[in-house]
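Student: Below is model08.cif; it holds mmCIF, C-alpha atoms.
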data_coords
#
loop_
_atom_site.group_PDB
_atom_site.id
_atom_site.type_symbol
_atom_site.label_atom_id
_atom_site.label_comp_id
_atom_site.auth_asym_id
_atom_site.auth_seq_id
_atom_site.Cartn_x
_atom_site.Cartn_y
_atom_site.Cartn_z
ATOM 1 C CA MET A 22 -64.622 13.649 -32.597
ATOM 2 C CA LEU A 23 -66.045 11.559 -29.785
ATOM 3 C CA LEU A 24 -69.704 10.638 -29.799
ATOM 4 C CA ILE A 25 -71.217 10.773 -26.330
ATOM 5 C CA HIS A 26 -74.552 9.398 -25.209
ATOM 6 C CA CYS A 27 -76.427 11.887 -23.019
ATOM 7 C CA PRO A 28 -78.520 9.958 -20.486
ATOM 8 C CA TYR A 29 -80.990 12.845 -20.196
ATOM 9 C CA CYS A 30 -81.542 13.508 -23.911
ATOM 10 C CA ASP A 31 -81.170 9.787 -24.657
ATOM 11 C CA GLU A 32 -79.269 10.620 -27.816
ATOM 12 C CA THR A 33 -75.716 10.065 -28.978
ATOM 13 C CA LEU A 34 -74.288 13.452 -29.860
ATOM 14 C CA PRO A 35 -70.946 14.947 -30.875
ATOM 15 C CA GLU A 36 -68.397 15.915 -28.273
ATOM 16 C CA ALA A 37 -68.623 19.600 -29.302
ATOM 17 C CA GLU A 38 -71.878 19.891 -27.354
ATOM 18 C CA PHE A 39 -70.262 18.622 -24.134
ATOM 19 C CA VAL A 40 -67.629 19.752 -21.687
ATOM 20 C CA TYR A 41 -65.501 17.556 -19.470
ATOM 21 C CA ALA A 42 -65.936 18.231 -15.771
ATOM 22 C CA GLY A 43 -63.317 16.200 -13.899
ATOM 23 C CA GLU A 44 -63.375 12.940 -12.018
ATOM 24 C CA ALA A 45 -66.728 11.596 -10.803
ATOM 25 C CA HIS A 46 -67.809 10.281 -7.398
ATOM 26 C CA ILE A 47 -65.750 12.705 -5.339
ATOM 27 C CA ALA A 48 -68.009 13.748 -2.501
ATOM 28 C CA ARG A 49 -67.380 17.021 -0.742
ATOM 29 C CA PRO A 50 -66.623 16.356 2.944
ATOM 30 C CA GLU A 51 -69.591 16.874 5.245
ATOM 31 C CA ASP A 52 -67.482 18.933 7.638
ATOM 32 C CA PRO A 53 -64.292 20.314 6.063
ATOM 33 C CA SER A 54 -63.226 21.892 9.375
ATOM 34 C CA THR A 55 -62.329 18.427 10.687
ATOM 35 C CA TYR A 56 -59.885 17.924 7.815
ATOM 36 C CA ASP A 57 -56.197 18.616 8.234
ATOM 37 C CA ASP A 58 -54.205 20.232 5.428
ATOM 38 C CA GLU A 59 -53.109 16.974 3.802
ATOM 39 C CA ALA A 60 -56.616 15.526 3.708
ATOM 40 C CA TRP A 61 -58.009 18.774 2.325
ATOM 41 C CA ARG A 62 -55.284 18.894 -0.316
ATOM 42 C CA ASP A 63 -56.114 15.324 -1.283
ATOM 43 C CA PHE A 64 -59.795 16.185 -1.632
ATOM 44 C CA LEU A 65 -59.096 19.244 -3.743
ATOM 45 C CA PHE A 66 -56.277 18.126 -5.990
ATOM 46 C CA ILE A 67 -55.342 14.467 -5.809
ATOM 47 C CA ARG A 68 -57.043 12.465 -8.564
ATOM 48 C CA THR A 69 -56.880 8.884 -9.780
ATOM 49 C CA ASN A 70 -55.333 9.755 -13.163
ATOM 50 C CA ALA A 71 -56.312 6.293 -14.304
ATOM 51 C CA ARG A 72 -54.739 4.553 -17.233
ATOM 52 C CA GLY A 73 -57.705 2.641 -18.561
ATOM 53 C CA ARG A 74 -61.183 2.758 -17.083
ATOM 54 C CA HIS A 75 -61.986 6.170 -15.649
ATOM 55 C CA PHE A 76 -65.121 7.490 -13.925
ATOM 56 C CA GLU A 77 -65.671 11.071 -14.975
ATOM 57 C CA ARG A 78 -68.241 13.853 -15.123
ATOM 58 C CA TRP A 79 -69.398 15.533 -18.281
ATOM 59 C CA ARG A 80 -71.855 18.311 -18.875
ATOM 60 C CA HIS A 81 -74.148 18.571 -21.883
ATOM 61 C CA THR A 82 -73.592 22.345 -21.954
ATOM 62 C CA HIS A 83 -74.954 23.063 -25.416
ATOM 63 C CA GLY A 84 -77.911 20.717 -25.079
ATOM 64 C CA CYS A 85 -79.921 19.920 -21.983
ATOM 65 C CA GLY A 86 -77.350 21.562 -19.707
ATOM 66 C CA ARG A 87 -77.145 18.591 -17.322
ATOM 67 C CA PHE A 88 -74.154 17.054 -15.589
ATOM 68 C CA PHE A 89 -73.872 13.283 -15.849
ATOM 69 C CA ASN A 90 -71.281 10.580 -15.219
ATOM 70 C CA ALA A 91 -69.416 8.486 -17.744
ATOM 71 C CA VAL A 92 -67.048 5.545 -17.744
ATOM 72 C CA ARG A 93 -64.377 6.065 -20.376
ATOM 73 C CA ASP A 94 -61.260 4.137 -21.192
ATOM 74 C CA THR A 95 -58.476 6.727 -21.172
ATOM 75 C CA VAL A 96 -56.345 4.611 -23.512
ATOM 76 C CA SER A 97 -58.846 3.807 -26.240
ATOM 77 C CA ASP A 98 -61.215 6.761 -25.540
ATOM 78 C CA ARG A 99 -64.103 4.322 -25.688
ATOM 79 C CA PHE A 100 -67.138 5.220 -23.585
ATOM 80 C CA LEU A 101 -68.406 2.117 -21.810
ATOM 81 C CA LEU A 102 -71.384 3.745 -20.180
ATOM 82 C CA THR A 103 -72.967 7.062 -19.285
ATOM 83 C CA TYR A 104 -75.437 7.421 -16.447
ATOM 84 C CA ARG A 105 -77.319 10.182 -14.671
ATOM 85 C CA ALA A 106 -75.758 12.164 -11.861
ATOM 86 C CA GLY A 107 -76.720 10.724 -8.481
ATOM 87 C CA GLU A 108 -76.947 7.136 -9.695
ATOM 88 C CA PRO A 109 -74.598 4.673 -7.977
ATOM 89 C CA ARG A 110 -71.240 3.844 -9.456
ATOM 90 C CA PRO A 111 -71.588 0.725 -11.626
ATOM 91 C CA SER A 112 -69.852 -2.374 -10.306
ATOM 92 C CA ASP A 113 -66.804 -3.916 -11.962
ATOM 93 C CA ALA A 114 -68.898 -6.935 -12.985
ATOM 94 C CA GLU A 115 -71.384 -4.724 -14.851
ATOM 95 C CA LEU A 116 -68.569 -2.917 -16.629
ATOM 96 C CA GLU A 117 -66.866 -6.187 -17.583
ATOM 97 C CA GLU A 118 -70.144 -7.237 -19.150
ATOM 98 C CA LEU A 119 -70.326 -3.997 -21.137
ATOM 99 C CA ALA A 120 -66.698 -4.163 -22.212
ATOM 100 C CA LYS A 121 -67.230 -7.501 -23.969
ATOM 101 C CA MET B 29 -71.960 47.433 -33.436
ATOM 102 C CA MET B 30 -74.433 45.711 -35.707
ATOM 103 C CA THR B 31 -77.012 44.108 -33.472
ATOM 104 C CA ASN B 32 -80.148 45.832 -34.686
ATOM 105 C CA ALA B 33 -82.348 43.678 -36.915
ATOM 106 C CA ALA B 34 -83.190 46.555 -39.253
ATOM 107 C CA THR B 35 -79.507 47.388 -39.718
ATOM 108 C CA LEU B 36 -78.777 43.801 -40.614
ATOM 109 C CA GLN B 37 -81.588 43.690 -43.130
ATOM 110 C CA ASP B 38 -80.165 46.838 -44.711
ATOM 111 C CA CYS B 39 -76.719 45.267 -44.868
ATOM 112 C CA LEU B 40 -78.138 42.182 -46.514
ATOM 113 C CA ALA B 41 -80.005 44.226 -49.095
ATOM 114 C CA ALA B 42 -76.826 46.171 -49.826
ATOM 115 C CA THR B 43 -74.619 43.101 -50.250
ATOM 116 C CA GLY B 44 -77.147 41.329 -52.455
ATOM 117 C CA LEU B 45 -76.166 37.829 -51.360
ATOM 118 C CA SER B 46 -78.349 35.010 -52.553
ATOM 119 C CA GLY B 47 -78.593 31.253 -52.628
ATOM 120 C CA PRO B 48 -80.930 28.282 -52.754
ATOM 121 C CA VAL B 49 -82.078 28.785 -49.148
ATOM 122 C CA GLU B 50 -84.329 31.674 -48.350
ATOM 123 C CA LEU B 51 -82.974 33.377 -45.234
ATOM 124 C CA ARG B 52 -84.775 36.025 -43.284
ATOM 125 C CA LEU B 53 -84.877 37.481 -39.811
ATOM 126 C CA LEU B 54 -88.199 36.883 -38.114
ATOM 127 C CA PRO B 55 -90.104 39.585 -36.291
ATOM 128 C CA GLU B 56 -89.506 39.344 -32.568
ATOM 129 C CA PRO B 57 -91.932 37.066 -30.755
ATOM 130 C CA ALA B 58 -92.365 37.110 -27.003
ATOM 131 C CA ARG B 59 -90.081 34.443 -25.602
ATOM 132 C CA MET B 60 -89.818 33.125 -22.060
ATOM 133 C CA ALA B 61 -87.513 30.711 -20.304
ATOM 134 C CA LEU B 62 -89.320 28.410 -17.890
ATOM 135 C CA ARG B 63 -87.516 26.386 -15.224
ATOM 136 C CA ALA B 64 -89.541 24.204 -12.881
ATOM 137 C CA ASP B 65 -89.667 20.758 -11.334
ATOM 138 C CA PRO B 66 -91.313 18.412 -13.890
ATOM 139 C CA ALA B 67 -93.059 16.702 -10.944
ATOM 140 C CA HIS B 68 -95.442 19.667 -11.056
ATOM 141 C CA GLY B 69 -96.249 18.881 -14.701
ATOM 142 C CA ASN B 70 -100.017 19.009 -14.239
ATOM 143 C CA ALA B 71 -100.039 22.444 -12.646
ATOM 144 C CA LEU B 72 -97.596 23.771 -15.253
ATOM 145 C CA SER B 73 -99.667 22.315 -18.093
ATOM 146 C CA GLY B 74 -102.745 23.911 -16.572
ATOM 147 C CA ALA B 75 -101.132 27.346 -16.447
ATOM 148 C CA LEU B 76 -99.981 27.035 -20.068
ATOM 149 C CA ARG B 77 -103.278 25.475 -21.190
ATOM 150 C CA LEU B 78 -101.472 22.733 -23.078
ATOM 151 C CA GLU B 79 -99.832 19.400 -22.325
ATOM 152 C CA LEU B 80 -96.294 20.294 -21.204
ATOM 153 C CA PRO B 81 -93.811 18.206 -23.240
ATOM 154 C CA THR B 82 -91.410 16.295 -20.982
ATOM 155 C CA LYS B 83 -89.249 14.586 -23.578
ATOM 156 C CA ILE B 84 -86.278 16.738 -24.574
ATOM 157 C CA GLY B 85 -86.788 18.108 -28.103
ATOM 158 C CA ASP B 86 -90.583 17.762 -28.088
ATOM 159 C CA ARG B 87 -92.880 20.686 -28.696
ATOM 160 C CA ALA B 88 -96.498 21.510 -27.932
ATOM 161 C CA ASN B 89 -98.742 24.208 -29.389
ATOM 162 C CA ASN B 90 -102.010 25.716 -28.381
ATOM 163 C CA ASP B 91 -103.693 28.934 -29.384
ATOM 164 C CA GLY B 92 -100.599 30.896 -30.419
ATOM 165 C CA LEU B 93 -98.528 29.464 -27.583
ATOM 166 C CA GLU B 94 -95.618 27.168 -28.344
ATOM 167 C CA VAL B 95 -93.449 25.287 -25.864
ATOM 168 C CA LEU B 96 -90.185 23.473 -26.568
ATOM 169 C CA CYS B 97 -88.609 21.179 -23.990
ATOM 170 C CA LEU B 98 -84.870 21.968 -23.796
ATOM 171 C CA GLY B 99 -83.893 19.999 -20.710
ATOM 172 C CA PRO B 100 -85.428 17.842 -17.977
ATOM 173 C CA ASP B 101 -86.576 20.961 -16.124
ATOM 174 C CA GLU B 102 -86.259 23.631 -18.776
ATOM 175 C CA TRP B 103 -88.596 24.910 -21.468
ATOM 176 C CA VAL B 104 -88.753 27.851 -23.824
ATOM 177 C CA VAL B 105 -92.185 29.390 -24.394
ATOM 178 C CA HIS B 106 -92.984 31.380 -27.536
ATOM 179 C CA THR B 107 -96.035 33.545 -27.860
ATOM 180 C CA ASP B 108 -97.109 36.979 -29.007
ATOM 181 C CA GLY B 109 -96.973 40.086 -26.824
ATOM 182 C CA GLU B 110 -100.478 39.745 -25.402
ATOM 183 C CA GLY B 111 -100.101 36.031 -24.828
ATOM 184 C CA MET B 112 -97.079 36.722 -22.668
ATOM 185 C CA ALA B 113 -99.022 38.813 -20.174
ATOM 186 C CA ALA B 114 -101.623 36.034 -19.882
ATOM 187 C CA VAL B 115 -98.938 33.382 -19.316
ATOM 188 C CA GLN B 116 -97.190 35.511 -16.724
ATOM 189 C CA ALA B 117 -100.469 36.098 -14.898
ATOM 190 C CA ALA B 118 -101.306 32.383 -14.928
ATOM 191 C CA PHE B 119 -97.891 31.490 -13.545
ATOM 192 C CA ALA B 120 -98.030 34.214 -10.883
ATOM 193 C CA GLU B 121 -101.189 32.518 -9.622
ATOM 194 C CA ILE B 122 -99.567 29.114 -9.118
ATOM 195 C CA TYR B 123 -96.299 30.493 -7.726
ATOM 196 C CA GLY B 124 -97.268 29.632 -4.144
ATOM 197 C CA GLU B 125 -97.715 25.917 -4.855
ATOM 198 C CA VAL B 126 -95.313 25.458 -7.764
ATOM 199 C CA PRO B 127 -91.916 27.117 -7.322
ATOM 200 C CA HIS B 128 -90.606 28.094 -10.733
ATOM 201 C CA SER B 129 -88.756 30.709 -12.690
ATOM 202 C CA LEU B 130 -90.344 32.346 -15.727
ATOM 203 C CA VAL B 131 -88.087 34.898 -17.358
ATOM 204 C CA ASP B 132 -88.800 37.142 -20.321
ATOM 205 C CA ILE B 133 -85.943 36.540 -22.773
ATOM 206 C CA SER B 134 -87.594 38.097 -25.834
ATOM 207 C CA ASP B 135 -84.701 40.461 -26.459
ATOM 208 C CA ARG B 136 -81.970 37.917 -25.873
ATOM 209 C CA ASP B 137 -82.323 36.052 -29.161
ATOM 210 C CA ILE B 138 -83.028 36.859 -32.764
ATOM 211 C CA ALA B 139 -84.693 34.172 -34.872
ATOM 212 C CA ILE B 140 -83.576 33.336 -38.403
ATOM 213 C CA GLU B 141 -85.891 31.471 -40.735
ATOM 214 C CA LEU B 142 -84.327 29.078 -43.246
ATOM 215 C CA ARG B 143 -86.638 27.896 -45.975
ATOM 216 C CA GLY B 144 -85.792 25.670 -48.920
ATOM 217 C CA ALA B 145 -84.886 22.132 -49.877
ATOM 218 C CA ALA B 146 -81.218 22.852 -49.123
ATOM 219 C CA ALA B 147 -81.898 24.259 -45.630
ATOM 220 C CA GLU B 148 -80.657 21.086 -43.920
ATOM 221 C CA THR B 149 -77.486 21.093 -46.025
ATOM 222 C CA LEU B 150 -76.894 24.747 -45.229
ATOM 223 C CA LEU B 151 -77.266 24.167 -41.493
ATOM 224 C CA SER B 152 -74.971 21.172 -41.658
ATOM 225 C CA THR B 153 -72.116 23.514 -42.599
ATOM 226 C CA GLY B 154 -72.108 24.688 -38.977
ATOM 227 C CA CYS B 155 -74.039 22.146 -36.882
ATOM 228 C CA PRO B 156 -72.127 19.079 -35.694
ATOM 229 C CA ILE B 157 -75.284 16.992 -35.180
ATOM 230 C CA ASP B 158 -77.199 14.750 -37.549
ATOM 231 C CA LEU B 159 -79.990 17.161 -38.485
ATOM 232 C CA SER B 160 -82.167 14.485 -40.058
ATOM 233 C CA ARG B 161 -82.764 13.217 -36.510
ATOM 234 C CA ILE B 162 -84.679 16.376 -35.670
ATOM 235 C CA ARG B 163 -88.103 15.583 -37.057
ATOM 236 C CA PRO B 164 -90.494 18.332 -38.191
ATOM 237 C CA GLY B 165 -92.305 19.691 -35.160
ATOM 238 C CA HIS B 166 -89.332 19.111 -32.869
ATOM 239 C CA GLY B 167 -86.341 21.173 -31.812
ATOM 240 C CA LYS B 168 -83.058 21.122 -29.995
ATOM 241 C CA ARG B 169 -80.472 23.333 -28.394
ATOM 242 C CA THR B 170 -77.167 22.796 -30.167
ATOM 243 C CA LEU B 171 -74.224 24.588 -31.715
ATOM 244 C CA PHE B 172 -73.705 26.442 -34.959
ATOM 245 C CA ASP B 173 -70.000 27.070 -35.493
ATOM 246 C CA SER B 174 -69.350 27.242 -31.722
ATOM 247 C CA VAL B 175 -72.347 29.539 -31.143
ATOM 248 C CA GLN B 176 -75.105 28.104 -28.985
ATOM 249 C CA VAL B 177 -78.407 28.184 -30.850
ATOM 250 C CA VAL B 178 -81.905 26.787 -30.464
ATOM 251 C CA LEU B 179 -82.969 25.011 -33.604
ATOM 252 C CA LEU B 180 -86.646 24.414 -34.333
ATOM 253 C CA ARG B 181 -87.743 22.372 -37.296
ATOM 254 C CA ASP B 182 -91.155 23.508 -38.502
ATOM 255 C CA GLY B 183 -91.223 21.419 -41.674
ATOM 256 C CA GLU B 184 -89.047 19.166 -43.786
ATOM 257 C CA ASP B 185 -87.589 22.258 -45.496
ATOM 258 C CA LEU B 186 -88.302 24.886 -42.878
ATOM 259 C CA PHE B 187 -86.129 25.698 -39.864
ATOM 260 C CA ARG B 188 -86.005 28.425 -37.296
ATOM 261 C CA MET B 189 -82.721 29.144 -35.583
ATOM 262 C CA GLU B 190 -82.627 31.355 -32.508
ATOM 263 C CA VAL B 191 -79.290 32.999 -31.924
ATOM 264 C CA TRP B 192 -78.158 35.184 -29.065
ATOM 265 C CA ARG B 193 -78.297 38.766 -30.294
ATOM 266 C CA SER B 194 -74.590 39.537 -30.100
ATOM 267 C CA PHE B 195 -73.673 36.424 -32.109
ATOM 268 C CA LEU B 196 -76.090 37.190 -34.929
ATOM 269 C CA PRO B 197 -73.714 39.098 -37.255
ATOM 270 C CA HIS B 198 -71.273 36.168 -37.108
ATOM 271 C CA VAL B 199 -73.916 33.509 -37.741
ATOM 272 C CA TRP B 200 -75.692 35.569 -40.376
ATOM 273 C CA GLY B 201 -72.436 36.129 -42.236
ATOM 274 C CA LEU B 202 -71.558 32.443 -42.181
ATOM 275 C CA LEU B 203 -75.021 31.405 -43.329
ATOM 276 C CA ASN B 204 -74.930 33.800 -46.241
ATOM 277 C CA THR B 205 -71.456 32.744 -47.293
ATOM 278 C CA ALA B 206 -72.423 29.073 -47.176
ATOM 279 C CA ASN B 207 -75.671 29.805 -48.990
ATOM 280 C CA ARG B 208 -73.723 31.529 -51.751
ATOM 281 C CA GLU B 209 -71.358 28.558 -51.931
ATOM 282 C CA LEU B 210 -74.311 26.212 -52.322
ATOM 283 C CA GLU B 211 -75.601 28.367 -55.162
ATOM 284 C CA VAL B 212 -72.378 28.289 -57.148
ATOM 285 C CA GLY B 213 -71.970 24.574 -56.425
ATOM 286 C CA LEU B 214 -68.811 24.615 -54.300
#
Would you give me this structure, written as structure tokens?
Tutor:
Amino acid sequence: MLLIHCPYCDETLPEAEFVYAGEAHIARPEDPSTYDDEAWRDFLFIRTNARGRHFERWRHTHGCGRFFNAVRDTVSDRFLLTYRAGEPRPSDAELEELAK
Amino acid sequence: MMTNAATLQDCLAATGLSGPVELRLLPEPARMALRADPAHGNALSGALRLELPTKIGDRANNDGLEVLCLGPDEWVVHTDGEGMAAVQAAFAEIYGEVPHSLVDISDRDIAIELRGAAAETLLSTGCPIDLSRIRPGHGKRTLFDSVQVVLLRDGEDLFRMEVWRSFLPHVWGLLNTANRELEVGL
């Protein structure tokens, strides 16, 4: 079982308390009516499907109930970092530092 | 349907299960869910007449009132029946300045008391977390065998577990089975 650090509870807790909630940093368009079908399809369905470092959302459903973001390696399942929703996406340099 | 506390007590008496941990259903307290912006902490503390805990898992008590912080903007308030009316009145007064939600959830949960040196071991049969990290006087929302529960640790060997009413027969059954297994040394 994965151990995930919740940035709100500030505790590392078992995966059973969390649910995965898709890719992170996908902003809903300000005005969807200006989008054509392809762009709207891309917003709804097209995801990075990264092999390696992946930015994703998780929710601490059976704990504090909050959504937060995580950087996980999809190959090794290692969590590099979790951070609160709304905080900026960490830069590659910061992640390289953490991955050491 | 077996959701009535009295019925469950009868069942327990009839089955005669036992074990090293003393299990019992607690009489229903008044219980409220509070959601509010923690930026209004002072006003909320004033209405509750205690220092509102802001760290998740912390608790505060005053005069029969007990508050557990479940999330950054979520608390559960325990009190007795009369205390509830006073809390509701105090919060109604500040509603204009401090938007919040205060909901009576007394009937939603049933609390189980677990008392005994093996209480932590018994809970660990269903809880995926490291229970020793919940210090006495703290609490946490977590899981017990896929059922969401609120766990409050009142002492080293004393826990309270609040379970949603409809899940109680399942949890109660599991606890008693595990308790029996502890007794016979499985």
Student: What does the distance between CA of Leu203 (chain B) and CA of Thr153 (chain B) come to in Å, to one decimal place?
Tutor: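 Separation between CA of Leu203 (chain B) and CA of Thr153 (chain B): 8.4 Å.
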Student: Name the residues within 10 Å of (-70.4, 23.9, -22.1), counting all atoms listed in the file in the file's coordinates, and put them as a ChimeraX atom specification.
Tutor: /A:37-42,79-84,86-87 /B:176
Student: Exactly which residues make up the result of the PyMOL selection byres ((chain A and resi 102) around 9) on this file, given as a count of residues only?
Tutor: 11
Student: Quick one: of B:Arg181, B:Ile157, B:Ile133, B:Trp103, who's nearest to Ile25 (chain A), counting only C-alpha atoms?
Tutor: B:Ile157
Student: Write out as a list of chain:residue names which residues come within 10 Å of region 63-70 of chain A when counting all atoms listed in the file, dropping same-chain ones fewer than 6 positions away.
Tutor: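 Near neighbours after the sequence-gap exclusion: A:Gly43, A:Glu44, A:Ala45, A:Ile47, A:Ala48, A:Arg49, A:Pro50, A:Pro53, A:Tyr56, A:Phe76, A:Thr95.
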